[in-house]
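Asker: Input file: model-v1.cif. Contents: mmCIF, C-alpha atoms and all ligand atoms.
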data_target
loop_
_atom_site.label_atom_id
_atom_site.label_comp_id
_atom_site.auth_asym_id
_atom_site.auth_seq_id
_atom_site.Cartn_x
_atom_site.Cartn_y
_atom_site.Cartn_z
CA MET A 1 292.39 78.45 70.86
CA ASN A 2 295.19 80.56 72.28
CA LYS A 3 296.45 83.93 71.13
CA LYS A 4 299.67 82.52 69.67
CA LYS A 5 297.82 79.99 67.54
CA LEU A 6 295.41 82.60 66.21
CA ASN A 7 298.17 85.11 65.41
CA LYS A 8 300.29 82.41 63.80
CA TYR A 9 297.46 81.25 61.56
CA PHE A 10 296.55 84.72 60.24
CA LYS A 11 300.06 86.20 60.12
CA LYS A 12 300.91 87.16 56.51
CA LYS A 13 297.79 85.36 55.21
CA LYS A 14 296.68 86.93 51.96
CA ILE A 15 293.12 88.05 52.54
CA VAL A 16 290.60 89.73 50.24
CA VAL A 17 287.94 91.77 52.01
CA THR A 18 285.20 93.04 49.68
CA GLY A 19 283.39 96.02 51.17
CA HIS A 20 286.44 96.95 53.27
CA THR A 21 285.53 100.64 53.32
CA GLY A 22 282.10 99.97 54.87
CA PHE A 23 281.14 99.84 58.53
CA LYS A 24 281.71 96.13 59.14
CA GLY A 25 284.41 95.76 56.49
CA SER A 26 286.53 98.48 58.07
CA TRP A 27 286.40 96.82 61.52
CA LEU A 28 287.14 93.45 59.94
CA THR A 29 290.11 94.92 58.07
CA LEU A 30 291.52 96.53 61.24
CA SER A 31 291.03 93.28 63.18
CA LEU A 32 292.78 91.21 60.49
CA LYS A 33 295.59 93.78 60.48
CA ASN A 34 295.86 93.25 64.24
CA LEU A 35 296.47 89.57 63.44
CA GLY A 36 299.20 90.45 60.95
CA ALA A 37 297.34 89.63 57.72
CA ASN A 38 298.18 90.98 54.27
CA ILE A 39 294.95 92.53 52.99
CA LEU A 40 293.57 93.53 49.64
CA GLY A 41 290.35 95.50 50.03
CA ILE A 42 287.88 95.76 47.16
CA SER A 43 285.15 98.39 47.31
CA LYS A 44 283.24 100.66 44.97
CA ASN A 45 283.60 103.73 47.18
CA VAL A 46 283.76 104.87 50.79
CA PRO A 47 280.01 104.75 51.38
CA THR A 48 279.70 107.52 53.97
CA ASN A 49 281.48 110.68 55.05
CA PRO A 50 282.53 110.56 57.87
CA SER A 51 283.38 106.86 58.07
CA ASN A 52 285.32 104.48 60.25
CA PHE A 53 287.50 103.73 57.21
CA GLN A 54 288.69 107.35 57.12
CA ALA A 55 288.64 108.08 60.86
CA SER A 56 290.70 104.99 61.72
CA LYS A 57 293.14 105.74 58.86
CA ILE A 58 292.95 102.27 57.35
CA LYS A 59 293.88 103.40 53.85
CA ASN A 60 297.59 103.55 54.61
CA GLU A 61 297.97 99.95 55.69
CA VAL A 62 296.07 97.90 53.11
CA LYS A 63 296.08 97.58 49.36
CA SER A 64 292.81 99.06 48.13
CA LYS A 65 291.18 98.43 44.77
CA LYS A 66 288.34 100.70 43.76
CA LEU A 67 286.12 98.34 41.83
CA ASP A 68 282.45 97.53 41.29
CA ILE A 69 281.85 93.87 42.14
CA ARG A 70 279.37 93.67 39.28
CA ASN A 71 282.36 94.02 36.93
CA PHE A 72 283.13 90.32 36.59
CA LYS A 73 286.19 90.57 34.34
CA MET A 74 288.01 93.08 36.52
CA LEU A 75 287.03 91.32 39.73
CA ARG A 76 288.37 88.01 38.42
CA LYS A 77 291.59 89.62 37.25
CA VAL A 78 292.20 91.36 40.58
CA ILE A 79 291.40 88.32 42.75
CA LYS A 80 293.38 85.88 40.58
CA LYS A 81 296.41 88.15 40.60
CA PHE A 82 296.37 88.53 44.39
CA GLU A 83 295.94 84.75 44.99
CA PRO A 84 294.16 85.01 48.35
CA ASP A 85 294.19 82.37 51.08
CA ILE A 86 290.92 83.75 52.44
CA ILE A 87 288.10 85.84 50.96
CA PHE A 88 285.54 87.67 53.09
CA HIS A 89 282.72 88.88 50.85
CA LEU A 90 280.88 91.79 52.47
CA ALA A 91 280.39 94.26 49.59
CA ALA A 92 276.70 94.96 49.26
CA GLN A 93 274.03 97.57 49.03
CA SER A 94 273.33 97.10 52.72
CA LEU A 95 270.32 99.30 53.48
CA VAL A 96 266.62 98.40 53.35
CA SER A 97 265.60 102.04 52.80
CA ILE A 98 267.90 102.48 49.77
CA SER A 99 266.70 99.14 48.41
CA HIS A 100 263.19 100.64 48.15
CA GLU A 101 264.54 103.68 46.32
CA ASN A 102 266.84 101.67 44.10
CA PRO A 103 265.73 98.02 43.95
CA LYS A 104 267.45 97.06 40.70
CA GLU A 105 270.88 98.24 41.79
CA THR A 106 270.40 96.50 45.14
CA TRP A 107 269.53 93.22 43.45
CA GLU A 108 272.41 93.49 41.01
CA THR A 109 274.98 94.33 43.66
CA ASN A 110 273.87 91.73 46.18
CA LEU A 111 272.99 88.89 43.84
CA ILE A 112 275.21 89.37 40.78
CA GLY A 113 278.09 90.53 43.00
CA THR A 114 277.87 87.27 44.97
CA LEU A 115 277.47 85.23 41.76
CA ASN A 116 280.66 86.82 40.44
CA ILE A 117 282.58 85.70 43.53
CA LEU A 118 281.14 82.17 43.18
CA GLU A 119 281.99 82.00 39.49
CA ILE A 120 285.59 83.05 40.25
CA LEU A 121 285.85 80.28 42.88
CA LYS A 122 285.14 77.67 40.19
CA ASP A 123 288.51 78.39 38.56
CA ILE A 124 290.70 78.99 41.61
CA LYS A 125 293.43 76.35 42.01
CA LYS A 126 294.91 77.53 45.30
CA ASN A 127 293.56 76.46 48.72
CA THR A 128 291.07 79.20 49.54
CA VAL A 129 288.61 79.72 52.37
CA VAL A 130 285.61 81.90 51.56
CA VAL A 131 283.15 83.45 53.99
CA ILE A 132 280.13 85.12 52.39
CA ILE A 133 278.20 87.57 54.55
CA THR A 134 274.45 87.63 54.05
CA SER A 135 271.99 88.71 56.76
CA ASP A 136 269.41 87.74 59.36
CA LYS A 137 266.99 89.53 57.03
CA ALA A 138 267.40 86.67 54.54
CA TYR A 139 264.99 84.61 56.68
CA LYS A 140 261.26 84.64 55.97
CA ASN A 141 260.11 86.89 58.80
CA ILE A 142 257.23 85.37 60.70
CA GLU A 143 258.08 87.25 63.93
CA LYS A 144 259.35 83.98 65.42
CA LYS A 145 259.94 84.41 69.16
CA GLU A 146 262.46 81.57 69.59
CA GLY A 147 264.70 83.00 66.87
CA TYR A 148 265.47 81.68 63.39
CA LYS A 149 267.55 78.55 62.97
CA GLU A 150 269.84 78.00 60.01
CA THR A 151 267.36 75.50 58.56
CA ASP A 152 264.45 77.99 58.50
CA ILE A 153 262.99 79.28 55.24
CA LEU A 154 264.88 82.03 53.44
CA ALA A 155 262.44 84.43 51.80
CA GLY A 156 263.00 88.13 52.41
CA ILE A 157 260.30 90.51 51.15
CA ASP A 158 261.82 93.96 50.68
CA PRO A 159 264.41 94.25 47.89
CA TYR A 160 267.40 94.19 50.27
CA SER A 161 266.21 91.15 52.23
CA ALA A 162 265.05 89.33 49.11
CA SER A 163 268.36 89.97 47.34
CA LYS A 164 270.18 88.43 50.33
CA SER A 165 267.85 85.38 50.34
CA SER A 166 268.48 84.98 46.61
CA ALA A 167 272.22 85.26 47.11
CA GLU A 168 271.91 82.35 49.55
CA ILE A 169 270.09 80.23 46.95
CA ALA A 170 272.83 81.02 44.44
CA ILE A 171 275.51 80.07 47.00
CA LYS A 172 273.81 76.74 47.75
CA SER A 173 273.40 75.97 44.05
CA TYR A 174 277.04 76.78 43.21
CA PHE A 175 278.24 74.84 46.22
CA ASP A 176 276.23 71.71 45.40
CA CYS A 177 276.91 71.78 41.65
CA PHE A 178 280.49 73.09 41.36
CA LEU A 179 282.32 73.67 44.63
CA LYS A 180 281.68 70.87 47.08
CA ASP A 181 283.98 68.44 45.26
CA LYS A 182 286.73 71.02 44.80
CA LYS A 183 289.12 70.01 47.57
CA ASN A 184 290.85 73.42 47.59
CA ILE A 185 287.73 75.53 48.30
CA LYS A 186 286.11 75.79 51.71
CA LEU A 187 282.99 77.94 51.70
CA GLY A 188 280.75 79.20 54.50
CA VAL A 189 277.85 81.62 54.88
CA ALA A 190 277.53 83.99 57.84
CA ARG A 191 274.20 85.51 58.85
CA ALA A 192 274.49 88.24 61.47
CA GLY A 193 271.91 90.64 62.79
CA ASN A 194 271.92 94.38 63.39
CA VAL A 195 275.39 95.36 64.41
CA ILE A 196 276.23 98.57 66.20
CA GLY A 197 279.53 100.15 67.14
CA GLY A 198 281.61 103.22 66.39
CA GLY A 199 281.98 104.52 62.89
CA ASP A 200 278.64 103.78 61.23
CA TRP A 201 277.04 106.78 59.52
CA SER A 202 274.68 104.88 57.21
CA LYS A 203 271.33 106.40 56.34
CA ASP A 204 268.22 105.29 58.25
CA ARG A 205 270.08 103.19 60.82
CA LEU A 206 269.25 103.86 64.44
CA ILE A 207 272.62 104.65 66.03
CA PRO A 208 273.89 106.75 63.11
CA ASP A 209 270.60 108.73 63.10
CA CYS A 210 270.98 109.30 66.86
CA VAL A 211 274.60 110.44 66.92
CA ARG A 212 274.12 112.67 63.88
CA SER A 213 271.32 114.49 65.74
CA TRP A 214 272.77 114.48 69.25
CA SER A 215 276.18 115.73 68.14
CA ARG A 216 274.32 118.82 66.84
CA ASN A 217 272.16 119.02 69.98
CA LYS A 218 269.07 118.02 68.03
CA ILE A 219 266.20 115.66 68.82
CA VAL A 220 266.26 112.39 66.91
CA ARG A 221 263.05 111.07 65.35
CA ILE A 222 262.39 107.41 66.13
CA ARG A 223 260.32 105.38 63.65
CA ASN A 224 259.65 102.11 65.46
CA PRO A 225 260.14 102.47 69.23
CA TYR A 226 259.10 98.95 70.14
CA SER A 227 260.90 97.01 67.43
CA THR A 228 263.41 94.55 68.82
CA ARG A 229 266.59 93.66 67.02
CA PRO A 230 269.44 91.24 67.74
CA TRP A 231 271.75 94.18 68.53
CA GLN A 232 275.34 93.11 68.77
CA HIS A 233 278.62 94.96 68.72
CA VAL A 234 280.35 94.99 65.35
CA LEU A 235 283.42 93.29 66.83
CA GLU A 236 281.33 90.29 67.91
CA ALA A 237 280.23 89.66 64.33
CA VAL A 238 283.65 90.44 62.86
CA TRP A 239 285.56 88.10 65.19
CA GLY A 240 282.86 85.49 64.59
CA TYR A 241 283.65 85.69 60.84
CA ILE A 242 287.38 85.43 61.57
CA LEU A 243 286.87 82.35 63.74
CA PHE A 244 284.53 80.84 61.13
CA SER A 245 287.20 81.23 58.43
CA TYR A 246 289.71 79.45 60.66
CA LYS A 247 287.30 76.62 61.50
CA LEU A 248 286.34 76.18 57.84
CA LYS A 249 289.98 75.45 57.15
CA THR A 250 290.43 73.08 60.05
CA VAL A 251 287.04 71.32 60.44
CA GLY A 252 286.05 69.55 57.21
CA LYS A 253 282.37 69.05 57.93
CA LEU A 254 281.67 72.78 58.10
CA ASN A 255 282.22 73.21 54.37
CA GLY A 256 279.12 74.60 52.62
CA GLN A 257 277.30 75.42 55.84
CA ALA A 258 275.58 78.58 57.07
CA PHE A 259 275.86 79.94 60.60
CA ASN A 260 273.94 82.56 62.55
CA PHE A 261 275.96 85.10 64.52
CA GLY A 262 273.82 86.97 67.01
CA PRO A 263 273.44 87.85 70.67
CA ASN A 264 272.74 85.10 73.19
CA ASP A 265 270.67 87.29 75.53
CA LYS A 266 267.47 85.65 76.67
CA LYS A 267 265.95 89.11 76.68
CA ASN A 268 265.05 91.01 73.50
CA TYR A 269 265.89 94.70 73.65
CA ASN A 270 263.73 97.19 71.84
CA VAL A 271 264.65 100.62 70.47
CA ILE A 272 263.50 102.50 73.59
CA GLU A 273 265.58 100.26 75.85
CA LEU A 274 268.58 100.86 73.65
CA LEU A 275 268.08 104.63 73.83
CA ASN A 276 267.66 104.50 77.62
CA THR A 277 270.94 102.60 77.92
CA MET A 278 272.57 105.11 75.58
CA GLN A 279 271.38 107.85 77.96
CA LYS A 280 273.68 106.46 80.66
CA ASN A 281 276.63 107.04 78.36
CA TRP A 282 275.66 110.21 76.49
CA LYS A 283 274.52 113.48 78.04
CA ASN A 284 271.98 114.90 75.64
CA VAL A 285 269.96 111.87 74.50
CA ARG A 286 266.70 113.32 73.19
CA TYR A 287 264.15 111.64 70.96
CA SER A 288 260.63 111.96 69.67
CA ILE A 289 258.49 109.19 68.28
CA LYS A 290 257.06 109.65 64.84
CA LYS A 291 255.95 106.54 63.01
CA SER A 292 256.78 106.48 59.35
CA LYS A 293 254.99 104.61 56.59
CA ARG A 294 257.93 105.02 54.21
CA PHE A 295 258.68 101.30 54.28
CA LYS A 296 257.56 98.37 56.39
CA GLU A 297 260.01 97.06 58.98
CA SER A 298 259.58 93.89 60.99
CA ASN A 299 258.93 94.23 64.73
CA LEU A 300 260.71 91.15 65.99
CA LEU A 301 263.90 89.75 64.54
CA LYS A 302 265.86 87.20 66.52
CA LEU A 303 268.48 84.59 65.73
CA ASN A 304 269.07 81.22 67.33
CA CYS A 305 272.86 80.89 67.54
CA ASP A 306 273.14 77.42 69.09
CA LYS A 307 274.80 76.02 65.98
CA ALA A 308 277.68 78.52 66.12
CA LYS A 309 278.15 77.72 69.80
CA LYS A 310 278.20 73.99 69.20
CA TYR A 311 280.35 73.77 66.06
CA LEU A 312 282.50 76.90 66.18
CA GLY A 313 282.69 77.42 69.93
CA TRP A 314 281.47 80.96 69.22
CA LYS A 315 279.12 83.10 71.26
CA ASN A 316 278.63 86.80 71.88
CA ILE A 317 280.84 87.96 74.73
CA LEU A 318 279.77 91.52 75.50
CA LYS A 319 276.71 92.30 77.58
CA PHE A 320 274.13 94.68 76.10
CA ASN A 321 275.37 97.51 78.37
CA GLU A 322 279.00 96.96 77.40
CA ASN A 323 278.07 97.01 73.74
CA ILE A 324 276.31 100.38 74.09
CA LYS A 325 279.17 101.76 76.20
CA LEU A 326 281.79 100.92 73.57
CA THR A 327 279.62 102.45 70.87
CA ALA A 328 278.96 105.67 72.81
CA GLU A 329 282.65 105.98 73.78
CA TRP A 330 283.69 105.79 70.12
CA TYR A 331 281.29 108.46 68.83
CA GLN A 332 281.94 110.78 71.75
CA SER A 333 285.65 110.63 71.03
CA PHE A 334 284.96 111.22 67.37
CA TYR A 335 282.98 114.39 68.06
CA SER A 336 285.36 115.69 70.73
CA GLU A 337 288.82 114.51 69.67
CA LYS A 338 288.81 113.01 66.18
CA SER A 339 292.59 112.63 66.07
CA ARG A 340 292.39 109.97 68.81
CA ILE A 341 290.02 107.70 66.91
CA ARG A 342 292.57 105.39 65.35
CA GLU A 343 294.17 104.78 68.74
CA LEU A 344 290.74 104.17 70.28
CA SER A 345 289.65 101.75 67.55
CA LEU A 346 292.88 99.77 67.93
CA ARG A 347 292.43 99.68 71.69
CA GLN A 348 288.81 98.52 71.43
CA ILE A 349 289.98 95.73 69.11
CA GLU A 350 292.85 94.68 71.39
CA ASP A 351 290.57 94.67 74.47
CA TYR A 352 287.92 92.69 72.63
CA LYS A 353 290.48 90.23 71.28
CA LYS A 354 291.67 89.44 74.82
CA LYS A 355 288.12 88.59 75.89
CA PHE A 356 287.51 86.67 72.67
CA ILE A 357 290.55 84.47 73.13
CA LYS A 358 289.53 83.68 76.69
CA ASN A 359 286.06 82.66 75.55
CA ILE A 360 286.67 80.45 72.52
N1 LIG B 1 275.43 96.59 59.32
C1 LIG B 1 274.54 95.67 59.68
O1 LIG B 1 273.85 95.80 60.71
C2 LIG B 1 274.39 94.40 58.88
C3 LIG B 1 273.51 93.41 59.33
C4 LIG B 1 273.40 92.21 58.61
C5 LIG B 1 274.16 92.03 57.47
N2 LIG B 1 275.00 93.01 57.03
C6 LIG B 1 275.80 92.75 55.82
O2 LIG B 1 277.17 92.94 56.14
C7 LIG B 1 277.86 93.46 55.01
C8 LIG B 1 278.54 94.77 55.37
O3 LIG B 1 277.56 95.69 55.86
P1 LIG B 1 277.96 97.17 56.26
O4 LIG B 1 276.98 97.63 57.25
O5 LIG B 1 279.40 97.24 56.57
O6 LIG B 1 277.69 97.94 54.87
P2 LIG B 1 278.17 99.38 54.39
O7 LIG B 1 277.03 99.94 53.61
O8 LIG B 1 278.73 100.16 55.51
O9 LIG B 1 279.36 99.05 53.39
C9 LIG B 1 279.13 98.46 52.14
C10 LIG B 1 280.45 98.18 51.47
O10 LIG B 1 280.18 97.55 50.20
C11 LIG B 1 280.79 98.31 49.17
N3 LIG B 1 279.97 98.23 47.96
C12 LIG B 1 278.67 98.54 47.81
N4 LIG B 1 278.30 98.32 46.54
C13 LIG B 1 279.39 97.85 45.88
C14 LIG B 1 279.65 97.45 44.55
N5 LIG B 1 278.72 97.46 43.61
N6 LIG B 1 280.91 97.03 44.24
C15 LIG B 1 281.89 97.01 45.19
N7 LIG B 1 281.70 97.38 46.44
C16 LIG B 1 280.46 97.80 46.79
C17 LIG B 1 280.90 99.72 49.70
O11 LIG B 1 281.89 100.45 48.99
C18 LIG B 1 281.25 99.43 51.15
O12 LIG B 1 282.62 99.14 51.24
C19 LIG B 1 276.82 93.61 53.91
O13 LIG B 1 276.84 92.47 53.10
C20 LIG B 1 275.52 93.70 54.68
O14 LIG B 1 274.43 93.30 53.89
C21 LIG B 1 275.13 94.20 57.72
#
Kindly present the structure from the file in C-alpha cells form.

Answerer:
Amino acid sequence: MNKKKLNKYFKKKKIVVTGHTGFKGSWLTLSLKNLGANILGISKNVPTNPSNFQASKIKNEVKSKKLDIRNFKMLRKVIKKFEPDIIFHLAAQSLVSISHENPKETWETNLIGTLNILEILKDIKKNTVVVIITSDKAYKNIEKKEGYKETDILAGIDPYSASKSSAEIAIKSYFDCFLKDKKNIKLGVARAGNVIGGGDWSKDRLIPDCVRSWSRNKIVRIRNPYSTRPWQHVLEAVWGYILFSYKLKTVGKLNGQAFNFGPNDKKNYNVIELLNTMQKNWKNVRYSIKKSKRFKESNLLKLNCDKAKKYLGWKNILKFNENIKLTAEWYQSFYSEKSRIRELSLRQIEDYKKKFIKNI
C-alpha cells in the first residue's frame, strides 16, 4: 500500500476510539489524526498523571466523551449519534496487578464493556469496521516456546487475563450468532503483547517503574529479572490495528478473525536484557532484584505472528534496540523539556509511518 492510498482511505473517516486517553489509545488517536481522521474518543478518565494524552496535547484535536463503557444506554446513544465508520475498542482495566486488587471491576469493565460494544453492533445500519483489542494474556499460558497461534486455547488465570479470554468468547458468540450475516459489520480481534514506548506511567509496568525511579535518581526494584515478554514498540501495535481495520474492509475473508501482533525476533529478550539496552540510552540506569510474591506472573510469553504476516502483510519493523531507543528518547525529553513532547511524538509517528509504508 502506498502513502496516498492510506491517507485517502482514513481522511475524514469517522472513528471511535474507546480508551483514547490511555497509553495505546493516545498513540492510536495521534496516528489516526496524522492520517486525517475525525475522531471521537470515549474514556472514563485519564488513567495516569502524567500521561501521553496530556503531554502530547491530544485533547484539543479530538472530540472526547467522558463515559464509563459499562453504561450501555449512554454508550449506545453516543456511538449511534456519531455514526462511526470504524470503531477501535481499547477501553479496559489493563493491569494484572489492579485486577488482583479489584477483580470484579476488572471483569465488568473488560467483559461487560466489550459486550456493550457487541450489543450496539447488532443494531448499527451503517457500514462499520470494528477492531476489538484483547491481549496475548488471553491465551492459556503453558510457557510455549514456539509462541501462541491464534487457534490456541484461550484461558487466562488471573482476573485480567481471564476477563480478556472471556471477552473473546463473547466476541465469538456474538459474531457467530448475530454479526456474521450482517453485511455492514466487519469485525476483527487484535491480540498484542507487552508494548513499550513513551508516555506510559501505569502502575507495576516495567518501563514506567524504571523511568519513575531513574528520573528521581533512584534505584528501581525488579520483580522478575528473567521473564521474557514479546516487547514491541507501541507504534508497531497501533499501526498493526490501523492496517487490520483497512484490511477488514477490503478483504472479506478476514471478517470475524483474530490476529496476533507481536515481535518477529527469533530471540526472546528478558527483563535484564531490556535494562542493559536501556543503559545504552539512559545515563543512570540502576536496579536491584527483589522477587515479589504479590501475584504470579508467567515467565515466558511469546506470540506466533505468521498469520498477520500472511494475511495482512504486517510484521514488526523496529529492531529491539530501536524500540528501546525511541522509548528512552521520549522519556528523556519529557523529563528535560516537556514542552517539546508533542513535537517529538508527532515526529516519532511520522518517522515510523514512513518505515511502515515501505514495509507493507
Ligand atoms: N499496554 C500493554 O502492554 C497491553 C498489552 C496487551 C493488551 N493491551 C490492551 O490494550 C488496551 C489499551 O491498553 P493501555 O495500556 O493503553 O491501557 P491504559 O490503562 O493506559 O488505558 C486504559 C483506557 O481505558 C479507559 N477505561 C478504563 N476503564 C474504563 C471504563 N470503565 N469505561 C471507559 N473507559 C475506561 C481509560 O480511561 C483509558 O483511556 C487494553 O484493552 C489492554 O488490555 C495492552

Asker: Within 10 Å of range 32-34 of chain A, counting only C-alpha atoms, which residues qualify if same-chain residues fewer than 2 places away don't, as a ChimeraX atom specification?

Answerer: /A:7,10-13,15,17,26-30,36-39,58,61-62,238-239,242,346,349-350,353

Asker: Rounded to one decimal, what separation in Å do you get between CA of Ser339 in chain A and CA of Gly41 in chain A?

Answerer: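 A separation of 23.6 Å between them.
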
Asker: Pick out the closest residue to ligand LIG 1 (chain B) from this set: A:Thr327, A:Gln257, A:Ser245, A:Asn110. Count all atoms listed in the file.

Answerer: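 Result for the nearest residue to ligand LIG 1 (chain B): A:Asn110.
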
Asker: So the first atom is CA of Ile69 in chain A and the second is CA of Ile117 in chain A; what is the distance between them in Å, to one decimal place?

Answerer: 8.3 Å

Asker: Which residues of chain A come within 6 Å of ligand LIG 1 (chain B), and what is each one's closest atom pair and distance in Å (one decimal), counting only C-alpha atoms and all ligand atoms, sorted by chain and residue number, as JSON lines?

Answerer:
{"residue": "A:Gly19", "atom": "CA", "partner": "B:LIG1", "partner_atom": "O12", "distance": 3.2}
{"residue": "A:His20", "atom": "CA", "partner": "B:LIG1", "partner_atom": "O12", "distance": 4.8}
{"residue": "A:Thr21", "atom": "CA", "partner": "B:LIG1", "partner_atom": "O12", "distance": 3.9}
{"residue": "A:Gly22", "atom": "CA", "partner": "B:LIG1", "partner_atom": "O9", "distance": 3.2}
{"residue": "A:Phe23", "atom": "CA", "partner": "B:LIG1", "partner_atom": "O5", "distance": 3.7}
{"residue": "A:Lys24", "atom": "CA", "partner": "B:LIG1", "partner_atom": "O5", "distance": 3.6}
{"residue": "A:Gly25", "atom": "CA", "partner": "B:LIG1", "partner_atom": "O5", "distance": 5.2}
{"residue": "A:Ser43", "atom": "CA", "partner": "B:LIG1", "partner_atom": "N7", "distance": 3.7}
{"residue": "A:Lys44", "atom": "CA", "partner": "B:LIG1", "partner_atom": "C15", "distance": 3.9}
{"residue": "A:Asn45", "atom": "CA", "partner": "B:LIG1", "partner_atom": "O11", "distance": 4.1}
{"residue": "A:Val46", "atom": "CA", "partner": "B:LIG1", "partner_atom": "O11", "distance": 5.1}
{"residue": "A:Pro47", "atom": "CA", "partner": "B:LIG1", "partner_atom": "O11", "distance": 5.3}
{"residue": "A:Leu67", "atom": "CA", "partner": "B:LIG1", "partner_atom": "C15", "distance": 5.6}
{"residue": "A:Asp68", "atom": "CA", "partner": "B:LIG1", "partner_atom": "N6", "distance": 3.4}
{"residue": "A:Ile69", "atom": "CA", "partner": "B:LIG1", "partner_atom": "N6", "distance": 3.9}
{"residue": "A:Arg70", "atom": "CA", "partner": "B:LIG1", "partner_atom": "N5", "distance": 5.8}
{"residue": "A:Leu90", "atom": "CA", "partner": "B:LIG1", "partner_atom": "O13", "distance": 4.1}
{"residue": "A:Ala91", "atom": "CA", "partner": "B:LIG1", "partner_atom": "O10", "distance": 3.4}
{"residue": "A:Ala92", "atom": "CA", "partner": "B:LIG1", "partner_atom": "C12", "distance": 4.3}
{"residue": "A:Gln93", "atom": "CA", "partner": "B:LIG1", "partner_atom": "C12", "distance": 4.9}
{"residue": "A:Ser94", "atom": "CA", "partner": "B:LIG1", "partner_atom": "O14", "distance": 4.1}
{"residue": "A:Thr109", "atom": "CA", "partner": "B:LIG1", "partner_atom": "N5", "distance": 4.9}
{"residue": "A:Ile133", "atom": "CA", "partner": "B:LIG1", "partner_atom": "O13", "distance": 5.3}
{"residue": "A:Thr134", "atom": "CA", "partner": "B:LIG1", "partner_atom": "O13", "distance": 5.5}
{"residue": "A:Ser135", "atom": "CA", "partner": "B:LIG1", "partner_atom": "C5", "distance": 4.0}
{"residue": "A:Ala192", "atom": "CA", "partner": "B:LIG1", "partner_atom": "C4", "distance": 5.0}
{"residue": "A:Gly193", "atom": "CA", "partner": "B:LIG1", "partner_atom": "C4", "distance": 4.7}
{"residue": "A:Asn194", "atom": "CA", "partner": "B:LIG1", "partner_atom": "O1", "distance": 3.6}
{"residue": "A:Val195", "atom": "CA", "partner": "B:LIG1", "partner_atom": "O1", "distance": 4.0}

Asker: Counting all atoms listed in the file, which residue out of A:Lys315, A:Lys247, A:Lys14, A:Lys182 sits closest to Phe261 in chain A?

Answerer: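 Looking only at the distances to Phe261 in chain A, the closest residue turns out to be A:Lys315.
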
Asker: If you count all atoms listed in the file, which residues fall within 12 Å of Asp351 in chain A, apart from same-chain ones fewer than 3 positions away, as a ChimeraX atom specification?

Answerer: /A:31,34,235,317-318,326,344-348,354-358

Asker: Between A:Val234, A:Leu118, A:Trp201, A:Glu168, which is the closest to Lys180 in chain A once you count only C-alpha atoms?

Answerer: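 Of A:Val234, A:Leu118, A:Trp201, A:Glu168, the one nearest Lys180 in chain A, counting only C-alpha atoms, is A:Leu118.
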
Asker: So, with all atoms listed in the file as the atoms that count, which of A:Ile219, A:Ile120, A:Leu115, A:Ala190 lies closest to Ile169 in chain A?

Answerer: A:Leu115

Asker: Per residue of range 275-345 of chain A within 12 Å of range 248-256 of chain A, note the shortest atom pair and the distance in Å to one decimal, counting all atoms listed in the file, and order the rows by chain and increasing residue number, as JSON lines.

Answerer:
{"residue": "A:Lys307", "atom": "CA", "partner": "A:Leu254", "partner_atom": "CA", "distance": 10.9}
{"residue": "A:Ala308", "atom": "CA", "partner": "A:Leu254", "partner_atom": "CA", "distance": 10.6}
{"residue": "A:Lys310", "atom": "CA", "partner": "A:Leu254", "partner_atom": "CA", "distance": 11.7}
{"residue": "A:Tyr311", "atom": "CA", "partner": "A:Leu254", "partner_atom": "CA", "distance": 8.1}
{"residue": "A:Leu312", "atom": "CA", "partner": "A:Leu254", "partner_atom": "CA", "distance": 9.1}

Asker: Residues within 6 Å of Ser56 in chain A, please, as a PDB file with C-alpha atoms, keeping the file's coordinate frame. Count all atoms listed in the file; anything in the same chain fewer than 3 positions from it doesn't count.

Answerer:
ATOM      1  CA  ASN A  52     285.320 104.480  60.250  1.00  0.00           C
ATOM      2  CA  PHE A  53     287.500 103.730  57.210  1.00  0.00           C
ATOM      3  CA  ILE A 341     290.020 107.700  66.910  1.00  0.00           C
ATOM      4  CA  ARG A 342     292.570 105.390  65.350  1.00  0.00           C
TER       5      ARG A 342
END

Asker: Under the rule that all atoms listed in the file are counted, which of A:Ser97, A:Asn224, A:Asn284, A:Asn304 is the nearest residue to Arg191 in chain A?

Answerer: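 So, comparing all the options, the nearest one is A:Asn304.
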
Asker: With a distance cut-off of 10 Å and all atoms listed in the file, select the neighbouring residues of Lys280 in chain A, excluding the residue or stretch itself and same-chain residues fewer than 6 positions from it, and output the selection as a PDB file with C-alpha atoms, in the coordinates of the input.

Answerer:
ATOM      1  CA  ASN A 321     275.370  97.510  78.370  1.00  0.00           C
ATOM      2  CA  ILE A 324     276.310 100.380  74.090  1.00  0.00           C
ATOM      3  CA  LYS A 325     279.170 101.760  76.200  1.00  0.00           C
ATOM      4  CA  ALA A 328     278.960 105.670  72.810  1.00  0.00           C
TER       5      ALA A 328
END

Asker: Need to verify the contact set: range 78-85 of chain A, 8 Å, all atoms listed in the file, exclusion of same-chain residues closer than 6 positions in sequence. Can you return it as a PDB file with C-alpha atoms, keeping the file's coordinate frame?

Answerer:
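Heads up, here's the output in out21.pdb:
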ATOM      1  CA  LYS A  13     297.790  85.360  55.210  1.00  0.00           C
ATOM      2  CA  LYS A  14     296.680  86.930  51.960  1.00  0.00           C
ATOM      3  CA  ILE A  15     293.120  88.050  52.540  1.00  0.00           C
ATOM      4  CA  VAL A  16     290.600  89.730  50.240  1.00  0.00           C
ATOM      5  CA  LEU A  40     293.570  93.530  49.640  1.00  0.00           C
ATOM      6  CA  ILE A 124     290.700  78.990  41.610  1.00  0.00           C
ATOM      7  CA  LYS A 126     294.910  77.530  45.300  1.00  0.00           C
ATOM      8  CA  ASN A 127     293.560  76.460  48.720  1.00  0.00           C
ATOM      9  CA  THR A 128     291.070  79.200  49.540  1.00  0.00           C
ATOM     10  CA  VAL A 129     288.610  79.720  52.370  1.00  0.00           C
TER      11      VAL A 129
END

Asker: Return the single residue from A:Lys338, A:Lys63, A:Val271, A:Thr228 that is closest to Lys145 in chain A, with distances computed using all atoms listed in the file.

Answerer: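 Closest to Lys145 in chain A of all the choices is A:Thr228.
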
Asker: Please, what distance in Å, to one decimal, runs between CA of Ile272 in chain A and CA of Ala55 in chain A?

Answerer: 28.7 Å

Asker: Write out as a tab-separated table a residue-level contact list of range 102-128 of chain A versus range 151-166 of chain A with cut-off 9 Å: for each qualifying residue the closest pair of atoms and the distance in Å to one decimal, counting all atoms listed in the file, rows sorted by chain and residue number upward.

Answerer:
residue	atom	partner	partner_atom	distance
A:Asn102	CA	A:Pro159	CA	8.7
A:Pro103	CA	A:Pro159	CA	5.6
A:Lys104	CA	A:Pro159	CA	8.3
A:Thr106	CA	A:Tyr160	CA	6.4
A:Trp107	CA	A:Ser163	CA	5.2
A:Glu108	CA	A:Ser163	CA	8.3
A:Thr109	CA	A:Ser163	CA	8.7
A:Asn110	CA	A:Ser163	CA	5.9
A:Leu111	CA	A:Ser163	CA	5.9
